[in-house]
$ cat upload19.cif   # mmCIF, C-alpha atoms
data_upload
loop_
_atom_site.label_atom_id
_atom_site.label_comp_id
_atom_site.auth_asym_id
_atom_site.auth_seq_id
_atom_site.Cartn_x
_atom_site.Cartn_y
_atom_site.Cartn_z
CA MET A 1 -34.46 122.02 17.88
CA LYS A 2 -37.16 124.59 17.02
CA THR A 3 -35.19 125.73 14.01
CA MET A 4 -34.60 122.18 12.86
CA MET A 5 -38.28 121.23 13.11
CA ALA A 6 -39.35 124.38 11.29
CA GLY A 7 -36.80 123.73 8.54
CA LEU A 8 -38.01 120.15 8.21
CA ALA A 9 -41.65 121.26 8.03
CA GLY A 10 -40.77 123.82 5.35
CA LEU A 11 -38.87 121.19 3.39
CA LEU A 12 -41.79 118.76 3.56
CA PHE A 13 -44.20 121.51 2.52
CA GLY A 14 -42.04 122.42 -0.46
CA ILE A 15 -41.61 118.80 -1.57
CA GLY A 16 -45.41 118.44 -1.42
CA LEU A 17 -45.87 121.50 -3.60
CA VAL A 18 -43.41 120.27 -6.23
CA VAL A 19 -44.68 116.66 -6.23
CA ALA A 20 -48.23 117.97 -6.78
CA ASP A 21 -46.91 120.30 -9.51
CA MET A 22 -48.45 123.26 -7.67
CA THR A 23 -45.27 125.26 -8.33
CA ASN A 24 -46.28 125.41 -12.00
CA PRO A 25 -48.40 128.55 -12.53
CA ALA A 26 -50.03 127.05 -15.64
CA LYS A 27 -51.29 124.14 -13.52
CA VAL A 28 -52.80 126.46 -10.92
CA ARG A 29 -54.45 128.66 -13.54
CA ALA A 30 -55.84 125.55 -15.25
CA PHE A 31 -57.60 124.73 -11.96
CA LEU A 32 -59.08 128.22 -11.76
CA ASP A 33 -60.21 127.97 -15.40
CA ILE A 34 -63.47 126.08 -14.72
CA GLY A 35 -65.09 127.28 -17.95
CA GLY A 36 -62.12 126.23 -20.09
CA ASN A 37 -59.87 123.17 -20.06
CA TRP A 38 -60.38 122.56 -16.37
CA ASP A 39 -57.67 120.66 -14.48
CA PRO A 40 -59.10 119.65 -11.06
CA SER A 41 -55.69 118.56 -9.66
CA LEU A 42 -55.54 121.45 -7.17
CA ALA A 43 -58.84 120.31 -5.66
CA ILE A 44 -57.34 116.87 -5.01
CA VAL A 45 -54.29 118.52 -3.42
CA MET A 46 -56.57 120.44 -1.10
CA VAL A 47 -58.71 117.43 -0.22
CA THR A 48 -55.78 115.23 0.84
CA ALA A 49 -54.02 118.14 2.55
CA LEU A 50 -57.21 118.87 4.50
CA LEU A 51 -57.71 115.21 5.41
CA VAL A 52 -54.18 114.84 6.77
CA THR A 53 -54.21 118.22 8.51
CA GLY A 54 -57.73 117.76 9.87
CA ILE A 55 -56.95 114.38 11.44
CA GLY A 56 -53.42 115.42 12.45
CA TYR A 57 -54.55 118.63 14.16
CA ARG A 58 -57.18 116.69 16.14
CA LEU A 59 -54.51 114.36 17.49
CA VAL A 60 -52.06 117.20 18.14
CA PHE A 61 -54.61 119.35 19.99
CA LYS A 62 -55.26 116.50 22.42
CA ARG A 63 -51.91 117.41 23.97
CA ASP A 64 -51.61 120.37 26.33
CA LYS A 65 -48.86 122.03 24.36
CA PRO A 66 -46.52 121.61 21.39
CA LEU A 67 -43.33 119.56 21.79
CA PHE A 68 -40.92 122.49 21.62
CA ALA A 69 -43.00 125.57 22.46
CA PRO A 70 -45.07 126.66 25.48
CA THR A 71 -48.44 127.11 23.69
CA PHE A 72 -50.39 126.49 20.50
CA GLN A 73 -50.67 129.83 18.72
CA THR A 74 -53.87 129.59 16.72
CA PRO A 75 -55.91 132.63 15.68
CA THR A 76 -58.81 133.41 18.03
CA ASN A 77 -60.54 136.07 15.92
CA THR A 78 -63.86 134.76 14.53
CA ALA A 79 -65.30 137.95 12.97
CA LEU A 80 -66.00 137.89 9.22
CA ASP A 81 -64.88 141.49 8.78
CA ALA A 82 -64.27 143.67 5.74
CA ARG A 83 -60.48 143.36 5.99
CA LEU A 84 -60.66 139.59 5.71
CA LEU A 85 -63.06 139.52 2.78
CA ILE A 86 -61.49 142.41 0.83
CA GLY A 87 -58.03 140.97 1.43
CA ALA A 88 -59.04 137.47 0.34
CA GLY A 89 -60.98 138.79 -2.66
CA LEU A 90 -58.03 140.87 -3.90
CA PHE A 91 -55.66 137.99 -3.29
CA GLY A 92 -57.75 135.84 -5.63
CA VAL A 93 -57.39 138.44 -8.38
CA GLY A 94 -53.57 138.50 -8.10
CA TRP A 95 -53.50 134.70 -7.84
CA GLY A 96 -55.66 134.30 -10.95
CA LEU A 97 -53.70 136.81 -13.02
CA VAL A 98 -50.37 134.99 -12.76
CA GLY A 99 -51.05 131.66 -11.04
CA LEU A 100 -48.66 132.23 -8.16
CA CYS A 101 -49.43 132.47 -4.45
CA PRO A 102 -46.85 133.03 -1.67
CA GLY A 103 -45.79 129.38 -1.11
CA PRO A 104 -45.13 128.45 -4.74
CA ALA A 105 -43.56 131.87 -5.39
CA ILE A 106 -40.92 131.10 -2.75
CA ALA A 107 -40.54 127.45 -3.76
CA ALA A 108 -40.07 128.32 -7.45
CA LEU A 109 -37.27 130.83 -6.78
CA SER A 110 -34.61 128.26 -7.67
CA PHE A 111 -36.05 127.16 -11.04
CA GLY A 112 -38.64 129.71 -12.20
CA GLY A 113 -36.12 132.19 -13.56
CA TRP A 114 -36.51 135.95 -13.73
CA PRO A 115 -40.33 136.03 -13.82
CA VAL A 116 -40.51 134.42 -10.36
CA LEU A 117 -37.79 136.69 -9.01
CA GLY A 118 -39.76 139.67 -10.29
CA PHE A 119 -43.03 138.42 -8.84
CA PHE A 120 -41.32 137.59 -5.55
CA ALA A 121 -39.76 141.05 -5.27
CA ALA A 122 -43.12 142.70 -5.94
CA MET A 123 -44.81 140.40 -3.41
CA ALA A 124 -42.23 141.29 -0.76
CA ALA A 125 -42.79 144.96 -1.58
CA GLY A 126 -46.55 144.47 -1.21
CA MET A 127 -46.05 142.91 2.22
CA GLY A 128 -43.71 145.73 3.19
CA LEU A 129 -46.22 148.28 1.98
CA TYR A 130 -48.89 146.67 4.11
CA ALA A 131 -46.64 146.82 7.18
CA MET A 132 -46.18 150.57 6.57
CA VAL A 133 -49.89 151.38 6.23
CA GLU A 134 -51.29 148.78 8.62
CA ASP A 135 -52.06 151.32 11.35
CA GLN A 136 -53.86 153.66 8.95
CA ILE A 137 -55.94 150.77 7.59
CA ALA A 138 -56.91 149.74 11.12
CA LYS A 139 -58.54 153.16 11.56
CA VAL A 140 -60.70 152.74 8.43
CA VAL A 141 -61.81 149.08 8.36
CA MET B 1 -53.64 123.58 -20.60
CA THR B 2 -52.40 120.93 -18.18
CA ALA B 3 -53.41 117.30 -17.62
CA PHE B 4 -55.34 116.06 -14.58
CA THR B 5 -52.84 114.29 -12.31
CA PRO B 6 -54.82 112.88 -9.38
CA LEU B 7 -52.16 110.57 -7.94
CA SER B 8 -49.31 113.09 -7.68
CA ALA B 9 -51.83 115.68 -6.49
CA ALA B 10 -53.00 113.36 -3.70
CA ILE B 11 -49.44 112.52 -2.62
CA GLY B 12 -48.33 116.15 -2.74
CA GLY B 13 -51.39 117.27 -0.80
CA ALA B 14 -50.73 114.66 1.89
CA LEU B 15 -47.13 115.89 2.23
CA ILE B 16 -48.34 119.48 2.58
CA GLY B 17 -50.77 118.31 5.27
CA ALA B 18 -48.00 116.39 7.05
CA ALA B 19 -45.86 119.56 7.04
CA ALA B 20 -48.70 121.57 8.60
CA VAL B 21 -49.23 118.94 11.29
CA LEU B 22 -45.49 118.76 12.02
CA LEU B 23 -45.25 122.52 12.49
CA MET B 24 -48.26 122.55 14.82
CA ALA B 25 -47.07 119.52 16.81
CA SER B 26 -43.54 120.86 17.28
CA LEU B 27 -43.88 124.65 17.45
CA GLY B 28 -47.62 125.18 17.81
CA ARG B 29 -47.72 127.32 14.69
CA ILE B 30 -49.97 127.61 11.66
CA ALA B 31 -48.15 126.74 8.40
CA GLY B 32 -49.37 129.83 6.58
CA ILE B 33 -46.74 131.11 4.18
CA SER B 34 -47.86 134.75 4.03
CA GLY B 35 -48.16 134.94 7.82
CA ILE B 36 -44.75 133.35 8.36
CA ALA B 37 -43.15 135.64 5.78
CA GLY B 38 -44.93 138.70 7.15
CA GLY B 39 -43.17 138.31 10.50
CA LEU B 40 -39.64 137.80 9.14
CA PHE B 41 -38.59 141.34 10.03
CA SER B 42 -41.37 142.56 12.31
CA ALA B 43 -41.94 139.70 14.77
CA PRO B 44 -40.10 139.77 18.13
CA LYS B 45 -36.45 138.71 17.66
CA ALA B 46 -36.92 135.33 19.35
CA ASP B 47 -39.87 134.62 17.06
CA ARG B 48 -37.97 135.05 13.78
CA GLY B 49 -35.52 132.14 13.59
CA TRP B 50 -38.12 129.45 12.92
CA ARG B 51 -39.66 131.62 10.19
CA TRP B 52 -36.37 131.84 8.28
CA ALA B 53 -35.83 128.10 8.78
CA PHE B 54 -39.29 127.17 7.48
CA LEU B 55 -39.08 129.41 4.41
CA GLY B 56 -35.49 128.26 3.81
CA GLY B 57 -36.69 124.66 3.79
CA LEU B 58 -39.51 125.62 1.44
CA ALA B 59 -37.13 127.33 -0.98
CA PHE B 60 -34.62 124.46 -0.84
CA ALA B 61 -37.15 121.63 -1.29
CA PRO B 62 -37.46 121.91 -5.10
CA VAL B 63 -33.66 121.76 -5.43
CA LEU B 64 -33.75 118.45 -3.59
CA VAL B 65 -36.52 117.08 -5.83
CA TRP B 66 -34.59 118.41 -8.83
CA LEU B 67 -31.45 116.50 -7.74
CA VAL B 68 -33.38 113.27 -7.18
CA ARG B 69 -35.34 113.45 -10.44
CA GLY B 70 -32.51 114.86 -12.52
CA GLU B 71 -34.77 117.47 -14.12
CA ALA B 72 -36.11 120.83 -13.04
CA PRO B 73 -39.75 121.02 -11.91
CA ALA B 74 -42.18 122.19 -14.62
CA PHE B 75 -42.73 125.92 -14.80
CA GLU B 76 -44.92 127.61 -17.41
CA LEU B 77 -45.70 131.27 -17.01
CA GLU B 78 -46.49 133.84 -19.66
CA ALA B 79 -46.91 137.30 -18.20
CA SER B 80 -45.51 140.73 -18.93
CA TRP B 81 -43.26 142.42 -16.37
CA THR B 82 -46.03 144.89 -15.65
CA MET B 83 -48.43 142.05 -14.93
CA LEU B 84 -45.90 140.23 -12.73
CA ALA B 85 -45.22 143.39 -10.73
CA PHE B 86 -48.92 144.23 -10.38
CA ALA B 87 -49.97 140.71 -9.38
CA GLY B 88 -47.01 140.35 -7.00
CA LEU B 89 -47.80 143.62 -5.23
CA LEU B 90 -51.46 142.65 -5.01
CA VAL B 91 -50.72 139.16 -3.63
CA GLY B 92 -48.24 140.49 -1.06
CA PHE B 93 -50.47 143.30 0.16
CA SER B 94 -53.78 141.44 0.13
CA THR B 95 -52.59 138.26 1.86
CA ARG B 96 -51.43 140.44 4.77
CA LEU B 97 -54.68 142.41 4.72
CA GLY B 98 -56.75 139.23 4.64
CA SER B 99 -54.54 137.49 7.24
CA GLY B 100 -53.61 134.55 5.07
CA CYS B 101 -53.29 132.83 1.73
CA THR B 102 -53.90 129.40 0.19
CA SER B 103 -51.91 127.64 2.92
CA GLY B 104 -52.96 129.50 6.08
CA HIS B 105 -56.65 129.82 5.23
CA GLY B 106 -57.09 127.11 2.58
CA VAL B 107 -55.33 124.27 4.41
CA CYS B 108 -54.67 125.10 8.07
CA GLY B 109 -57.72 127.30 8.70
CA ILE B 110 -60.30 125.03 7.11
CA SER B 111 -58.79 122.08 9.00
CA ARG B 112 -59.62 123.89 12.25
CA TRP B 113 -63.14 124.65 10.90
CA SER B 114 -62.37 128.36 11.20
CA PRO B 115 -65.34 130.32 9.76
CA ARG B 116 -62.96 133.13 8.76
CA SER B 117 -60.77 130.77 6.75
CA ILE B 118 -63.72 129.07 5.09
CA ALA B 119 -65.09 132.47 4.03
CA ALA B 120 -61.66 133.68 2.90
CA THR B 121 -61.01 130.53 0.85
CA ALA B 122 -64.43 130.80 -0.81
CA ALA B 123 -63.66 134.46 -1.59
CA PHE B 124 -60.23 133.95 -3.17
CA MET B 125 -61.35 130.88 -5.10
CA ALA B 126 -64.30 132.86 -6.49
CA THR B 127 -62.30 135.95 -7.48
CA GLY B 128 -59.46 133.76 -8.79
CA MET B 129 -61.83 131.83 -11.05
CA ALA B 130 -63.55 135.04 -12.15
CA THR B 131 -60.18 136.63 -12.97
CA VAL B 132 -59.06 133.68 -15.09
CA ALA B 133 -62.42 133.56 -16.89
CA LEU B 134 -62.25 137.28 -17.61
CA ALA B 135 -58.63 137.08 -18.76
CA ARG B 136 -59.53 134.25 -21.15
CA LEU B 137 -62.48 136.20 -22.55
CA LEU B 138 -60.31 139.26 -23.12
CA ALA B 139 -57.61 137.17 -24.80
CA GLU B 140 -60.21 135.61 -27.12
CA GLN B 141 -61.59 139.05 -28.01
CA ILE B 142 -58.14 140.29 -28.96
CA ARG B 143 -57.53 137.21 -31.06
#
$ encode --input "upload19.cif" --output "structure tokens"
Amino acid sequence: MKTMMAGLAGLLFGIGLVVADMTNPAKVRAFLDIGGNWDPSLAIVMVTALLVTGIGYRLVFKRDKPLFAPTFQTPTNTALDARLLIGAGLFGVGWGLVGLCPGPAIAALSFGGWPVLGFFAAMAAGMGLYAMVEDQIAKVV
Amino acid sequence: MTAFTPLSAAIGGALIGAAAVLLMASLGRIAGISGIAGGLFSAPKADRGWRWAFLGGLAFAPVLVWLVRGEAPAFELEASWTMLAFAGLLVGFSTRLGSGCTSGHGVCGISRWSPRSIAATAAFMATGMATVALARLLAEQIR
């Protein structure tokens, strides 16, 4: 049941991305291009996603626990630390350069051709690299 | 250059929100793609199955839309292999470092009024916009 619900949620998420055209890197970069031919579509995607999630989460959190798991696993860390801000800042650079973030990169695997496969492989390598150096980073920041 | 498409953006956004709510209601998890992917191999064994299922659904979804519409989703990307590799590495590494990406921070985190996610989203939006502006300036200089 857990697997089925997760698969369904992933499917719904992916359909949302494609319907909103957020799997098109040009569309995402056009949103980030506020000084050029700005396309605000991504802002609308975020607003409705936040509305549905904001209201939905409120209803969900009124329950003691999820339907098929013992607890809600939400992050409890509230510190605005260097790791968070450096990580998010660098992510924006990579996102702006190509117009792909992790969700669309995975969703576009079936139709984006070799460029997406290349980006995806590099992204997986970047995540793997982080896993290897995570402990060293924890000592610094 | 792409056209402003408010209706499809609103519908797509609502579906993304519904997916996030469904994952929280059923499994109690945040629908953050980088976080889910980051645990595919490293999370405890019992905590991996749902991750593969979610990302499998995400990867399969466009195929479904493709079949229904009869045409592949739009995809326009002009970037050298060096750029793709660099940006991919950066996105993979930094989303793990910053504990999230557009979905985990931008949708799920802000919905919970998490100060970390609000700050992270402001940060990646700002650097993303600055990067695109700089790239456009450079391209115009070369031309």
$ closest_residue --input "upload19.cif" --among "A:Arg63, A:Asn77, A:Gly126, A:Trp38" --to "chain B" --atoms "all atoms listed in the file"
A:Gly126
$ atom_distance --input "upload19.cif" --atom1 "CA of Phe91 in chain A" --atom2 "CA of Ser99 in chain B"
10.6 Å
$ atom_distance --input "upload19.cif" --atom1 "CA of Thr127 in chain B" --atom2 "CA of Met127 in chain A"
20.2 Å
$ closest_residue --input "upload19.cif" --among "A:Leu59, A:Val28, A:Ala69, A:Leu51" --to "Ala6 in chain A" --atoms "only C-alpha atoms"
A:Ala69
$ resolve_selection --input "upload19.cif" --expression "the PyMOL selection byres ((chain B and resi 65-73) around 12)" --output "PDB file with C-alpha atoms, keeping the file's coordinate frame"
ATOM      1  CA  LEU A  11     -38.870 121.190   3.390  1.00  0.00           C
ATOM      2  CA  LEU A  12     -41.790 118.760   3.560  1.00  0.00           C
ATOM      3  CA  GLY A  14     -42.040 122.420  -0.460  1.00  0.00           C
ATOM      4  CA  ILE A  15     -41.610 118.800  -1.570  1.00  0.00           C
ATOM      5  CA  GLY A  16     -45.410 118.440  -1.420  1.00  0.00           C
ATOM      6  CA  LEU A  17     -45.870 121.500  -3.600  1.00  0.00           C
ATOM      7  CA  VAL A  18     -43.410 120.270  -6.230  1.00  0.00           C
ATOM      8  CA  VAL A  19     -44.680 116.660  -6.230  1.00  0.00           C
ATOM      9  CA  ALA A  20     -48.230 117.970  -6.780  1.00  0.00           C
ATOM     10  CA  ASP A  21     -46.910 120.300  -9.510  1.00  0.00           C
ATOM     11  CA  MET A  22     -48.450 123.260  -7.670  1.00  0.00           C
ATOM     12  CA  THR A  23     -45.270 125.260  -8.330  1.00  0.00           C
ATOM     13  CA  ASN A  24     -46.280 125.410 -12.000  1.00  0.00           C
ATOM     14  CA  PRO A  25     -48.400 128.550 -12.530  1.00  0.00           C
ATOM     15  CA  PRO A 104     -45.130 128.450  -4.740  1.00  0.00           C
ATOM     16  CA  ALA A 107     -40.540 127.450  -3.760  1.00  0.00           C
ATOM     17  CA  ALA A 108     -40.070 128.320  -7.450  1.00  0.00           C
ATOM     18  CA  LEU A 109     -37.270 130.830  -6.780  1.00  0.00           C
ATOM     19  CA  SER A 110     -34.610 128.260  -7.670  1.00  0.00           C
ATOM     20  CA  PHE A 111     -36.050 127.160 -11.040  1.00  0.00           C
ATOM     21  CA  GLY A 112     -38.640 129.710 -12.200  1.00  0.00           C
ATOM     22  CA  GLY A 113     -36.120 132.190 -13.560  1.00  0.00           C
TER      23      GLY A 113
ATOM     24  CA  LEU B  58     -39.510 125.620   1.440  1.00  0.00           C
ATOM     25  CA  ALA B  59     -37.130 127.330  -0.980  1.00  0.00           C
ATOM     26  CA  PHE B  60     -34.620 124.460  -0.840  1.00  0.00           C
ATOM     27  CA  ALA B  61     -37.150 121.630  -1.290  1.00  0.00           C
ATOM     28  CA  PRO B  62     -37.460 121.910  -5.100  1.00  0.00           C
ATOM     29  CA  VAL B  63     -33.660 121.760  -5.430  1.00  0.00           C
ATOM     30  CA  LEU B  64     -33.750 118.450  -3.590  1.00  0.00           C
ATOM     31  CA  ALA B  74     -42.180 122.190 -14.620  1.00  0.00           C
ATOM     32  CA  PHE B  75     -42.730 125.920 -14.800  1.00  0.00           C
ATOM     33  CA  GLU B  76     -44.920 127.610 -17.410  1.00  0.00           C
TER      34      GLU B  76
END
$ residues_around --input "upload19.cif" --residues "range 83-90 of chain A" --least-positions-apart "5" --cutoff "9 Å" --atoms "only C-alpha atoms" --output "MDAnalysis selection string"
(chainID A and resid 95 137:138 141) or (chainID B and resid 90:91 93:101 116:117 119:128)
$ closest_residue --input "upload19.cif" --among "B:Gly57, B:Gly106, B:Pro115, B:Gly38" --to "Gly13 in chain B" --atoms "all atoms listed in the file"
B:Gly106
$ atom_distance --input "upload19.cif" --atom1 "CA of Leu27 in chain B" --atom2 "CA of Gly56 in chain A"
14.2 Å
$ resolve_selection --input "upload19.cif" --expression "the PyMOL selection byres ((chain A and resi 61) around 12)" --output "VMD selection string"
(chain A and resid 53 to 60 62 to 67 71 to 74) or (chain B and resid 21 24 to 26 28 to 29 112)
$ resolve_selection --input "upload19.cif" --expression "the PyMOL selection byres ((chain B and resi 2) around 7)" --output "ChimeraX atom specification"
/A:27,30,39 /B:1,3-4
$ closest_residue --input "upload19.cif" --among "B:Gly92, B:Ala37, B:Lys45, B:Leu7" --to "chain A" --atoms "only C-alpha atoms"
B:Gly92
$ closest_residue --input "upload19.cif" --among "B:Ile142, B:Leu40, B:Leu137, B:Leu22" --to "chain A" --atoms "only C-alpha atoms"
B:Leu22
